[in-house]
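**Student:** Structure incoming, see below.
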Amino acid sequence: MNPKSGNGARDRLRIAIQKSGRLAEPARALLNACGLSWRESRDRLFCYGESLPVDLLLVRDDDIPGLIRDGVCDLGVVGRNVLLEQDIALRSEGGTTAFREWRALGFGGCRLALAVPEGWAWQSPAQLGSTRIATSYPAILRQWLDGQGIAAEVVELSGSVEIAPRLGQADAICDLVSSGATLAANQLKPVMTLLESEAVLAGPAAENFGQLWDDARGELAELLLRRLDGVLRMRHSKLLMFQASREAIPSLLPLLPDAEAPTVMQVDGGDALALQALCHGAVTWQRLEELKRAGARGLLVLPVEGMLA
Ligand code: ATP
Ligand code: MG
């Protein structure tokens, strides 16, 4: 359904996030860092946007792609795994792509991995022929198996996938893994990664927001995306300040971790220069010590509160 025709004009943007679970808090915190605030209603399903006309709908993560497809919500924060699973499933039923990833958000990292019993001598995916593989991601798994030309049986389970081999329901599993501790506790070992996942900002499939909405939502979504890009970029950014002699500068500049062109100022009443550089790479203790050895003095590392390109 085309949201432009499907849901009528709206002057408030609606974003679906997970009500509770792994992505719930980080999603709120990220939107909060973009300057959004809501009239608190933690236990209810709807949060009314106060600072901007951007409301939240608190739902189960599995419902988010469908809410976007149906135009009930304009955007959502959901795992790439969920978005891709539902996209492949929809398309395999003859539907067209209804949503897409607009931004990767840098939290909720995990991978969808194939795991086999620890006792298996794993050599190649060909070993999976005529096995049963339990998963909550049947569409992604089926597509991968088809791509590899493997005829395995996909056993769809909605939860507790990792105990399926012990229960005799399956020979192997395909499940989300972050540390691998759950697999190890069930005497399984990961052997292949099917998907690297993280939380993403999902929205309708379109080139730009202007194509989607004629009302205020287009501009609101653009504004949110600009702020989001600033927040994501500055998340690991630091402002590095120090003084140095003019001669030391050429050996100091290459040591600045992924830095933008520094501002260089004359220190009042002396020959020294003061530098300030926005660094997007990790400013580690080791790097600070290297800078000091190369002639930097009075090193100061400051967090960045806001950034608008
Ligand atoms: P809901 O009640 O909303 O359906 P859920 O149980 O399906 O919740 P969670 O377990 O909270 O979902 O996981 C949400 C998302 O977190 C996953 O879809 C995935 O993208 C991400 N994630 C990160 N690490 C892991 C992990 N180790 N196991 C499962 N999901 C993970
Ligand atoms: Mg879920």
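Labeling convention for the structure tokens: chains A, B, ... as they appear, residues from 1 per chain, ligands from 1 in order of appearance.
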Could you pull out the strand (DSSP E or B) residues of stretch 33-213 of chain A, going by DSSP on the backbone, and write them as an NGL selection string?
**Tutor:** :A and (38-39 or 46-49 or 54-59 or 75-79 or 99-104 or 110-117 or 132-135 or 153-156 or 172-177 or 188-197 or 199-204)
**Student:** Could you write out that same residue set with C-alpha atoms as a PDB file, in the first residue's frame?
**Tutor:**
ATOM      1  CA  TRP A  38       7.407  12.724  25.138  1.00  0.00           C
ATOM      2  CA  ARG A  39       4.735  12.904  27.715  1.00  0.00           C
ATOM      3  CA  PHE A  46       1.438   5.615  22.840  1.00  0.00           C
ATOM      4  CA  CYS A  47       3.769   8.467  23.825  1.00  0.00           C
ATOM      5  CA  TYR A  48       2.799  11.935  22.705  1.00  0.00           C
ATOM      6  CA  GLY A  49       5.706  13.996  21.387  1.00  0.00           C
ATOM      7  CA  VAL A  54       6.885  13.096  16.756  1.00  0.00           C
ATOM      8  CA  ASP A  55       4.938  10.408  18.625  1.00  0.00           C
ATOM      9  CA  LEU A  56       6.030   6.930  19.684  1.00  0.00           C
ATOM     10  CA  LEU A  57       4.108   3.722  19.415  1.00  0.00           C
ATOM     11  CA  LEU A  58       5.388   1.019  21.772  1.00  0.00           C
ATOM     12  CA  VAL A  59       4.925  -2.414  20.236  1.00  0.00           C
ATOM     13  CA  LEU A  75       9.251   4.934  10.836  1.00  0.00           C
ATOM     14  CA  GLY A  76      10.423   2.280  13.271  1.00  0.00           C
ATOM     15  CA  VAL A  77      13.455   1.067  15.184  1.00  0.00           C
ATOM     16  CA  VAL A  78      13.901  -2.661  14.683  1.00  0.00           C
ATOM     17  CA  GLY A  79      16.612  -5.283  14.217  1.00  0.00           C
ATOM     18  CA  PHE A  99      10.067  -1.077   3.753  1.00  0.00           C
ATOM     19  CA  ARG A 100      13.760  -0.449   3.871  1.00  0.00           C
ATOM     20  CA  GLU A 101      16.609   0.375   6.192  1.00  0.00           C
ATOM     21  CA  TRP A 102      17.203   4.131   6.328  1.00  0.00           C
ATOM     22  CA  ARG A 103      20.030   4.119   8.854  1.00  0.00           C
ATOM     23  CA  ALA A 104      22.046   1.584  10.844  1.00  0.00           C
ATOM     24  CA  CYS A 110      24.239  -9.601  16.870  1.00  0.00           C
ATOM     25  CA  ARG A 111      24.538 -12.097  14.050  1.00  0.00           C
ATOM     26  CA  LEU A 112      22.233 -14.697  12.636  1.00  0.00           C
ATOM     27  CA  ALA A 113      24.371 -17.807  12.720  1.00  0.00           C
ATOM     28  CA  LEU A 114      24.111 -21.419  11.820  1.00  0.00           C
ATOM     29  CA  ALA A 115      25.139 -23.636  14.717  1.00  0.00           C
ATOM     30  CA  VAL A 116      25.699 -27.374  14.867  1.00  0.00           C
ATOM     31  CA  PRO A 117      26.305 -29.789  17.752  1.00  0.00           C
ATOM     32  CA  ARG A 132      16.534 -30.454   9.825  1.00  0.00           C
ATOM     33  CA  ILE A 133      17.424 -26.904  10.880  1.00  0.00           C
ATOM     34  CA  ALA A 134      15.386 -25.133  13.554  1.00  0.00           C
ATOM     35  CA  THR A 135      14.995 -21.359  13.335  1.00  0.00           C
ATOM     36  CA  GLU A 153      14.305 -29.087   6.069  1.00  0.00           C
ATOM     37  CA  VAL A 154      13.525 -25.789   7.805  1.00  0.00           C
ATOM     38  CA  VAL A 155      11.784 -26.288  11.155  1.00  0.00           C
ATOM     39  CA  GLU A 156      10.154 -23.021  12.216  1.00  0.00           C
ATOM     40  CA  ALA A 172      21.183 -27.926  13.652  1.00  0.00           C
ATOM     41  CA  ILE A 173      19.895 -24.433  14.351  1.00  0.00           C
ATOM     42  CA  CYS A 174      19.975 -20.967  12.826  1.00  0.00           C
ATOM     43  CA  ASP A 175      19.627 -18.344  15.540  1.00  0.00           C
ATOM     44  CA  LEU A 176      20.751 -14.929  16.763  1.00  0.00           C
ATOM     45  CA  VAL A 177      24.074 -14.944  18.567  1.00  0.00           C
ATOM     46  CA  LEU A 188      26.365 -26.071  20.021  1.00  0.00           C
ATOM     47  CA  LYS A 189      28.997 -24.227  18.002  1.00  0.00           C
ATOM     48  CA  PRO A 190      28.499 -21.493  15.409  1.00  0.00           C
ATOM     49  CA  VAL A 191      29.810 -22.443  11.975  1.00  0.00           C
ATOM     50  CA  MET A 192      28.440 -19.868   9.515  1.00  0.00           C
ATOM     51  CA  THR A 193      27.150 -16.302   9.738  1.00  0.00           C
ATOM     52  CA  LEU A 194      24.106 -15.648   7.560  1.00  0.00           C
ATOM     53  CA  LEU A 195      23.570 -12.026   8.580  1.00  0.00           C
ATOM     54  CA  GLU A 196      25.336  -9.331  10.599  1.00  0.00           C
ATOM     55  CA  SER A 197      22.572  -7.462  12.374  1.00  0.00           C
ATOM     56  CA  ALA A 199      19.129  -2.029  15.187  1.00  0.00           C
ATOM     57  CA  VAL A 200      18.113   0.067  12.195  1.00  0.00           C
ATOM     58  CA  LEU A 201      15.805   2.956  11.472  1.00  0.00           C
ATOM     59  CA  ALA A 202      13.234   1.378   9.177  1.00  0.00           C
ATOM     60  CA  GLY A 203      10.824   3.236   6.954  1.00  0.00           C
ATOM     61  CA  PRO A 204       8.827   2.780   3.777  1.00  0.00           C
TER      62      PRO A 204
END
**Student:** Could you pull out the alpha helix (DSSP H) residues of stretch 150-248 of chain A, going by DSSP on the backbone, and write them as a PDB file with N, CA, C and O atoms, in the first residue's frame?
**Tutor:**
ATOM      1  N   ALA A 164      16.391 -27.148  20.509  1.00  0.00           N
ATOM      2  CA  ALA A 164      15.769 -28.061  19.534  1.00  0.00           C
ATOM      3  C   ALA A 164      16.619 -29.318  19.246  1.00  0.00           C
ATOM      4  O   ALA A 164      16.078 -30.413  19.203  1.00  0.00           O
ATOM      5  N   PRO A 165      17.937 -29.165  19.078  1.00  0.00           N
ATOM      6  CA  PRO A 165      18.714 -30.387  18.805  1.00  0.00           C
ATOM      7  C   PRO A 165      18.670 -31.383  19.969  1.00  0.00           C
ATOM      8  O   PRO A 165      18.555 -32.581  19.751  1.00  0.00           O
ATOM      9  N   ARG A 166      18.708 -30.857  21.202  1.00  0.00           N
ATOM     10  CA  ARG A 166      18.670 -31.766  22.355  1.00  0.00           C
ATOM     11  C   ARG A 166      17.328 -32.466  22.479  1.00  0.00           C
ATOM     12  O   ARG A 166      17.236 -33.571  22.988  1.00  0.00           O
ATOM     13  N   LEU A 167      16.273 -31.782  22.024  1.00  0.00           N
ATOM     14  CA  LEU A 167      14.938 -32.372  22.098  1.00  0.00           C
ATOM     15  C   LEU A 167      14.647 -33.283  20.907  1.00  0.00           C
ATOM     16  O   LEU A 167      13.569 -33.859  20.807  1.00  0.00           O
ATOM     17  N   ALA A 181      27.435 -17.482  24.348  1.00  0.00           N
ATOM     18  CA  ALA A 181      27.317 -18.225  25.606  1.00  0.00           C
ATOM     19  C   ALA A 181      26.121 -19.190  25.589  1.00  0.00           C
ATOM     20  O   ALA A 181      26.215 -20.315  26.088  1.00  0.00           O
ATOM     21  N   THR A 182      25.001 -18.743  25.012  1.00  0.00           N
ATOM     22  CA  THR A 182      23.811 -19.604  24.967  1.00  0.00           C
ATOM     23  C   THR A 182      24.082 -20.850  24.128  1.00  0.00           C
ATOM     24  O   THR A 182      23.664 -21.958  24.477  1.00  0.00           O
ATOM     25  N   LEU A 183      24.776 -20.651  23.015  1.00  0.00           N
ATOM     26  CA  LEU A 183      25.103 -21.804  22.173  1.00  0.00           C
ATOM     27  C   LEU A 183      25.967 -22.780  22.950  1.00  0.00           C
ATOM     28  O   LEU A 183      25.687 -23.982  23.001  1.00  0.00           O
ATOM     29  N   ALA A 184      27.016 -22.262  23.578  1.00  0.00           N
ATOM     30  CA  ALA A 184      27.952 -23.115  24.318  1.00  0.00           C
ATOM     31  C   ALA A 184      27.217 -23.878  25.422  1.00  0.00           C
ATOM     32  O   ALA A 184      27.472 -25.069  25.641  1.00  0.00           O
ATOM     33  N   ALA A 185      26.289 -23.193  26.091  1.00  0.00           N
ATOM     34  CA  ALA A 185      25.540 -23.840  27.172  1.00  0.00           C
ATOM     35  C   ALA A 185      24.671 -24.980  26.648  1.00  0.00           C
ATOM     36  O   ALA A 185      24.264 -25.855  27.408  1.00  0.00           O
ATOM     37  N   ARG A 217       4.984  15.410   7.606  1.00  0.00           N
ATOM     38  CA  ARG A 217       5.847  14.300   7.973  1.00  0.00           C
ATOM     39  C   ARG A 217       7.170  14.266   7.211  1.00  0.00           C
ATOM     40  O   ARG A 217       8.189  13.862   7.745  1.00  0.00           O
ATOM     41  N   GLY A 218       7.126  14.675   5.943  1.00  0.00           N
ATOM     42  CA  GLY A 218       8.342  14.675   5.137  1.00  0.00           C
ATOM     43  C   GLY A 218       9.429  15.522   5.781  1.00  0.00           C
ATOM     44  O   GLY A 218      10.557  15.068   5.980  1.00  0.00           O
ATOM     45  N   GLU A 219       9.055  16.746   6.135  1.00  0.00           N
ATOM     46  CA  GLU A 219      10.053  17.644   6.731  1.00  0.00           C
ATOM     47  C   GLU A 219      10.493  17.167   8.109  1.00  0.00           C
ATOM     48  O   GLU A 219      11.651  17.289   8.482  1.00  0.00           O
ATOM     49  N   LEU A 220       9.552  16.624   8.865  1.00  0.00           N
ATOM     50  CA  LEU A 220       9.902  16.116  10.198  1.00  0.00           C
ATOM     51  C   LEU A 220      10.890  14.955  10.093  1.00  0.00           C
ATOM     52  O   LEU A 220      11.858  14.867  10.851  1.00  0.00           O
ATOM     53  N   ALA A 221      10.630  14.070   9.132  1.00  0.00           N
ATOM     54  CA  ALA A 221      11.515  12.917   8.956  1.00  0.00           C
ATOM     55  C   ALA A 221      12.899  13.371   8.497  1.00  0.00           C
ATOM     56  O   ALA A 221      13.920  12.842   8.957  1.00  0.00           O
ATOM     57  N   GLU A 222      12.950  14.366   7.614  1.00  0.00           N
ATOM     58  CA  GLU A 222      14.239  14.902   7.165  1.00  0.00           C
ATOM     59  C   GLU A 222      15.005  15.496   8.350  1.00  0.00           C
ATOM     60  O   GLU A 222      16.201  15.289   8.498  1.00  0.00           O
ATOM     61  N   LEU A 223      14.296  16.251   9.167  1.00  0.00           N
ATOM     62  CA  LEU A 223      14.912  16.880  10.334  1.00  0.00           C
ATOM     63  C   LEU A 223      15.464  15.810  11.280  1.00  0.00           C
ATOM     64  O   LEU A 223      16.597  15.891  11.756  1.00  0.00           O
ATOM     65  N   LEU A 224      14.662  14.780  11.505  1.00  0.00           N
ATOM     66  CA  LEU A 224      15.081  13.717  12.394  1.00  0.00           C
ATOM     67  C   LEU A 224      16.322  13.010  11.854  1.00  0.00           C
ATOM     68  O   LEU A 224      17.268  12.725  12.594  1.00  0.00           O
ATOM     69  N   LEU A 225      16.331  12.753  10.566  1.00  0.00           N
ATOM     70  CA  LEU A 225      17.462  12.068   9.955  1.00  0.00           C
ATOM     71  C   LEU A 225      18.738  12.904  10.057  1.00  0.00           C
ATOM     72  O   LEU A 225      19.817  12.374  10.331  1.00  0.00           O
ATOM     73  N   ARG A 226      18.617  14.209   9.860  1.00  0.00           N
ATOM     74  CA  ARG A 226      19.789  15.089   9.976  1.00  0.00           C
ATOM     75  C   ARG A 226      20.330  15.042  11.396  1.00  0.00           C
ATOM     76  O   ARG A 226      21.525  14.932  11.631  1.00  0.00           O
ATOM     77  N   ARG A 227      19.426  15.122  12.374  1.00  0.00           N
ATOM     78  CA  ARG A 227      19.867  15.084  13.775  1.00  0.00           C
ATOM     79  C   ARG A 227      20.475  13.726  14.105  1.00  0.00           C
ATOM     80  O   ARG A 227      21.480  13.636  14.804  1.00  0.00           O
ATOM     81  N   LEU A 228      19.856  12.687  13.585  1.00  0.00           N
ATOM     82  CA  LEU A 228      20.330  11.332  13.829  1.00  0.00           C
ATOM     83  C   LEU A 228      21.747  11.167  13.291  1.00  0.00           C
ATOM     84  O   LEU A 228      22.623  10.596  13.958  1.00  0.00           O
ATOM     85  N   ASP A 229      21.987  11.676  12.101  1.00  0.00           N
ATOM     86  CA  ASP A 229      23.327  11.577  11.519  1.00  0.00           C
ATOM     87  C   ASP A 229      24.341  12.297  12.403  1.00  0.00           C
ATOM     88  O   ASP A 229      25.454  11.817  12.596  1.00  0.00           O
ATOM     89  N   GLY A 230      23.941  13.448  12.940  1.00  0.00           N
ATOM     90  CA  GLY A 230      24.827  14.189  13.842  1.00  0.00           C
ATOM     91  C   GLY A 230      25.107  13.385  15.097  1.00  0.00           C
ATOM     92  O   GLY A 230      26.258  13.244  15.514  1.00  0.00           O
ATOM     93  N   VAL A 231      24.060  12.824  15.678  1.00  0.00           N
ATOM     94  CA  VAL A 231      24.215  12.062  16.925  1.00  0.00           C
ATOM     95  C   VAL A 231      25.071  10.816  16.691  1.00  0.00           C
ATOM     96  O   VAL A 231      25.975  10.510  17.479  1.00  0.00           O
ATOM     97  N   LEU A 232      24.814  10.114  15.597  1.00  0.00           N
ATOM     98  CA  LEU A 232      25.565   8.884  15.332  1.00  0.00           C
ATOM     99  C   LEU A 232      27.035   9.201  15.088  1.00  0.00           C
ATOM    100  O   LEU A 232      27.914   8.482  15.534  1.00  0.00           O
ATOM    101  N   ARG A 233      27.272  10.294  14.392  1.00  0.00           N
ATOM    102  CA  ARG A 233      28.649  10.643  14.069  1.00  0.00           C
ATOM    103  C   ARG A 233      29.408  11.125  15.298  1.00  0.00           C
ATOM    104  O   ARG A 233      30.579  10.848  15.460  1.00  0.00           O
ATOM    105  N   MET A 234      28.701  11.827  16.180  1.00  0.00           N
ATOM    106  CA  MET A 234      29.440  12.396  17.320  1.00  0.00           C
ATOM    107  C   MET A 234      29.531  11.425  18.496  1.00  0.00           C
ATOM    108  O   MET A 234      30.229  11.679  19.455  1.00  0.00           O
TER     109      MET A 234
END
**Student:** Would you give me, as JSON lines, each residue of chain A having an atom within 6 Å of an atom of ligand 1, along with its shortest atom pair and that distance in Å to one decimal, using only C-alpha atoms and all ligand atoms and sorting by chain and residue number?
**Tutor:**
{"residue": "A:Gln18", "atom": "CA", "partner": "ligand 1", "partner_atom_place_in_ligand_line": "3 (O)", "distance": 5.3}
{"residue": "A:Gly21", "atom": "CA", "partner": "ligand 1", "partner_atom_place_in_ligand_line": "11 (O)", "distance": 3.4}
{"residue": "A:Arg22", "atom": "CA", "partner": "ligand 1", "partner_atom_place_in_ligand_line": "11 (O)", "distance": 3.8}
{"residue": "A:Leu23", "atom": "CA", "partner": "ligand 1", "partner_atom_place_in_ligand_line": "14 (C)", "distance": 5.6}
{"residue": "A:Arg60", "atom": "CA", "partner": "ligand 1", "partner_atom_place_in_ligand_line": "3 (O)", "distance": 3.5}
{"residue": "A:Asp61", "atom": "CA", "partner": "ligand 1", "partner_atom_place_in_ligand_line": "3 (O)", "distance": 4.0}
{"residue": "A:Asp62", "atom": "CA", "partner": "ligand 1", "partner_atom_place_in_ligand_line": "4 (O)", "distance": 5.5}
{"residue": "A:Gly79", "atom": "CA", "partner": "ligand 1", "partner_atom_place_in_ligand_line": "20 (O)", "distance": 3.5}
{"residue": "A:Asn81", "atom": "CA", "partner": "ligand 1", "partner_atom_place_in_ligand_line": "20 (O)", "distance": 5.7}
{"residue": "A:Val82", "atom": "CA", "partner": "ligand 1", "partner_atom_place_in_ligand_line": "18 (O)", "distance": 5.8}
{"residue": "A:Gly108", "atom": "CA", "partner": "ligand 1", "partner_atom_place_in_ligand_line": "23 (C)", "distance": 4.2}
{"residue": "A:Gly109", "atom": "CA", "partner": "ligand 1", "partner_atom_place_in_ligand_line": "23 (C)", "distance": 5.0}
{"residue": "A:Cys110", "atom": "CA", "partner": "ligand 1", "partner_atom_place_in_ligand_line": "24 (N)", "distance": 4.6}
{"residue": "A:Leu176", "atom": "CA", "partner": "ligand 1", "partner_atom_place_in_ligand_line": "28 (N)", "distance": 5.0}
{"residue": "A:Val177", "atom": "CA", "partner": "ligand 1", "partner_atom_place_in_ligand_line": "27 (N)", "distance": 4.8}
{"residue": "A:Ser178", "atom": "CA", "partner": "ligand 1", "partner_atom_place_in_ligand_line": "27 (N)", "distance": 4.3}
{"residue": "A:Glu198", "atom": "CA", "partner": "ligand 1", "partner_atom_place_in_ligand_line": "20 (O)", "distance": 5.6}
{"residue": "A:Ala199", "atom": "CA", "partner": "ligand 1", "partner_atom_place_in_ligand_line": "20 (O)", "distance": 5.9}
**Student:** Excluding A:Ser251 and its own-chain neighbours fewer than 6 positions away, which residues fall within 10 Å of it when counting only C-alpha atoms? Please give them as an MDAnalysis selection string.
**Tutor:** chainID A and resid 291 294:295
**Student:** Write out, as a PDB file, in the first residue's frame, the residues just selected, with all heavy atoms.
**Tutor:**
ATOM      1  N   LEU A 291      51.080  11.321  21.327  1.00  0.00           N
ATOM      2  CA  LEU A 291      51.025  12.755  21.009  1.00  0.00           C
ATOM      3  C   LEU A 291      51.967  13.530  21.924  1.00  0.00           C
ATOM      4  O   LEU A 291      52.666  14.452  21.496  1.00  0.00           O
ATOM      5  CB  LEU A 291      49.583  13.267  21.162  1.00  0.00           C
ATOM      6  CG  LEU A 291      48.624  12.903  20.023  1.00  0.00           C
ATOM      7  CD1 LEU A 291      47.176  13.019  20.462  1.00  0.00           C
ATOM      8  CD2 LEU A 291      48.880  13.809  18.804  1.00  0.00           C
ATOM      9  N   ALA A 294      55.413  13.218  20.892  1.00  0.00           N
ATOM     10  CA  ALA A 294      55.687  13.971  19.657  1.00  0.00           C
ATOM     11  C   ALA A 294      55.633  15.483  19.883  1.00  0.00           C
ATOM     12  O   ALA A 294      55.713  16.255  18.934  1.00  0.00           O
ATOM     13  CB  ALA A 294      54.691  13.553  18.580  1.00  0.00           C
ATOM     14  N   GLY A 295      55.447  15.913  21.135  1.00  0.00           N
ATOM     15  CA  GLY A 295      55.551  17.340  21.436  1.00  0.00           C
ATOM     16  C   GLY A 295      54.275  18.036  21.858  1.00  0.00           C
ATOM     17  O   GLY A 295      54.260  19.259  22.021  1.00  0.00           O
TER      18      GLY A 295
END
**Student:** Which is closer to A:Leu83 than all the others in A:Arg14, A:Arg297, A:Lys238, A:Arg69, using only C-alpha atoms?
**Tutor:**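 Closest candidate: A:Arg69.
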**Student:** Using only C-alpha atoms and all ligand atoms, which of A:Leu52, A:Ile64, A:Ile249, A:Ile88 sits nearest ligand 2?
**Tutor:** A:Ile64
**Student:** Which residues come within 12 Å of A:Gly149, counting only C-alpha atoms, excluding same-chain residues fewer than 6 positions away, as a list in words?
**Tutor:**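 Non-adjacent residues within range: Pro125, Ala126, Gln127, Leu128, Gly129, Ser130, Arg142 and Gln143 of chain A.
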**Student:** Counting only C-alpha atoms, which residue out of A:Asn208, A:Ser237, A:Thr96, A:Thr131 sits closest to A:Ala259?
**Tutor:**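 Using only C-alpha atoms, A:Ala259 sits closest to A:Ser237.
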**Student:** Name all residues at most 8 Å from stretch 272-282 of chain A (count only C-alpha atoms; drop same-chain ones fewer than 5 positions away) and give them as number ranges by chain.
**Tutor:** A: 233-234, 236-246, 256-267
**Student:** Could you dump the residues just selected with N, CA and C atoms as a short mmCIF file (atom, residue, chain, number, x, y, z; two decimals), in the first residue's frame?
**Tutor:**
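Output saved as out.cif:
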data_model
loop_
_atom_site.label_atom_id
_atom_site.label_comp_id
_atom_site.auth_asym_id
_atom_site.auth_seq_id
_atom_site.Cartn_x
_atom_site.Cartn_y
_atom_site.Cartn_z
N ARG A 233 27.27 10.29 14.39
CA ARG A 233 28.65 10.64 14.07
C ARG A 233 29.41 11.12 15.30
N MET A 234 28.70 11.83 16.18
CA MET A 234 29.44 12.40 17.32
C MET A 234 29.53 11.43 18.50
N HIS A 236 31.08 8.77 19.08
CA HIS A 236 32.43 8.38 19.48
C HIS A 236 33.42 9.52 19.23
N SER A 237 32.87 10.70 18.92
CA SER A 237 33.76 11.81 18.61
C SER A 237 34.19 12.55 19.87
N LYS A 238 35.42 13.08 19.83
CA LYS A 238 35.95 13.85 20.96
C LYS A 238 36.60 15.11 20.40
N LEU A 239 36.56 16.15 21.21
CA LEU A 239 37.31 17.34 20.84
C LEU A 239 38.64 17.27 21.56
N LEU A 240 39.71 17.26 20.79
CA LEU A 240 41.05 17.15 21.37
C LEU A 240 41.72 18.51 21.30
N MET A 241 42.23 18.98 22.46
CA MET A 241 42.90 20.29 22.49
C MET A 241 44.29 20.12 23.09
N PHE A 242 45.24 20.83 22.54
CA PHE A 242 46.59 20.79 23.10
C PHE A 242 47.42 21.94 22.54
N GLN A 243 48.60 22.12 23.13
CA GLN A 243 49.52 23.12 22.62
C GLN A 243 50.77 22.43 22.10
N ALA A 244 51.44 23.08 21.19
CA ALA A 244 52.68 22.51 20.65
C ALA A 244 53.46 23.61 19.94
N SER A 245 54.74 23.33 19.72
CA SER A 245 55.52 24.30 18.95
C SER A 245 55.20 24.10 17.47
N ARG A 246 55.48 25.15 16.68
CA ARG A 246 55.16 25.08 15.25
C ARG A 246 55.89 23.90 14.58
N LEU A 256 46.48 12.32 14.92
CA LEU A 256 45.11 12.64 15.34
C LEU A 256 44.15 11.60 14.77
N PRO A 257 43.41 10.89 15.62
CA PRO A 257 42.58 9.78 15.12
C PRO A 257 41.36 10.25 14.32
N ASP A 258 41.39 9.99 13.02
CA ASP A 258 40.30 10.32 12.11
C ASP A 258 39.76 11.73 12.38
N ALA A 259 40.68 12.70 12.29
CA ALA A 259 40.33 14.06 12.70
C ALA A 259 39.93 14.93 11.51
N GLU A 260 39.05 15.88 11.78
CA GLU A 260 38.76 16.92 10.79
C GLU A 260 39.90 17.93 10.87
N ALA A 261 40.03 18.77 9.86
CA ALA A 261 41.13 19.75 9.83
C ALA A 261 41.13 20.56 11.13
N PRO A 262 42.26 20.56 11.87
CA PRO A 262 42.26 21.23 13.18
C PRO A 262 42.25 22.75 13.06
N THR A 263 41.75 23.39 14.09
CA THR A 263 41.85 24.84 14.23
C THR A 263 43.18 25.11 14.92
N VAL A 264 43.98 26.03 14.36
CA VAL A 264 45.28 26.34 14.96
C VAL A 264 45.28 27.80 15.36
N MET A 265 45.63 28.06 16.63
CA MET A 265 45.61 29.44 17.14
C MET A 265 46.95 29.78 17.79
N GLN A 266 47.27 31.03 17.73
CA GLN A 266 48.50 31.51 18.37
C GLN A 266 48.23 31.66 19.86
N VAL A 267 49.16 31.15 20.70
CA VAL A 267 48.99 31.35 22.14
C VAL A 267 49.50 32.73 22.50
#
**Student:** Within 7 Å of A:Tyr137, counting only C-alpha atoms, which residues show up once you throw out same-chain ones fewer than 3 positions away? Write them as a compact mmCIF listing (two decimals) with N, CA, C and O atoms, in the first residue's frame, please.
**Tutor:**
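result_31.txt, freshly written:
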# COMPACT_ATOMS: atom_id res chain seq x y z
N GLU A 85 13.85 -10.55 7.44
CA GLU A 85 13.02 -11.76 7.45
C GLU A 85 11.64 -11.47 6.85
O GLU A 85 11.16 -12.19 5.99
N ILE A 140 14.91 -16.09 5.82
CA ILE A 140 16.34 -15.82 5.58
C ILE A 140 17.08 -17.15 5.39
O ILE A 140 17.89 -17.31 4.48
N LEU A 141 16.77 -18.12 6.25
CA LEU A 141 17.45 -19.42 6.17
C LEU A 141 17.16 -20.11 4.84
O LEU A 141 18.07 -20.60 4.17
**Student:** Could you work out how far atom CA of A:Met307 lies from atom CA of A:Ala33, giving the answer in Å with one decimal?
**Tutor:** 11.3 Å
**Student:** So, with only C-alpha atoms as the atoms that count, which of A:Gly306, A:Ser20, A:Ser124, A:Arg91 lies closest to A:Ile150?
**Tutor:**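 Nearest candidate to A:Ile150 out of A:Gly306, A:Ser20, A:Ser124, A:Arg91: A:Ser124.
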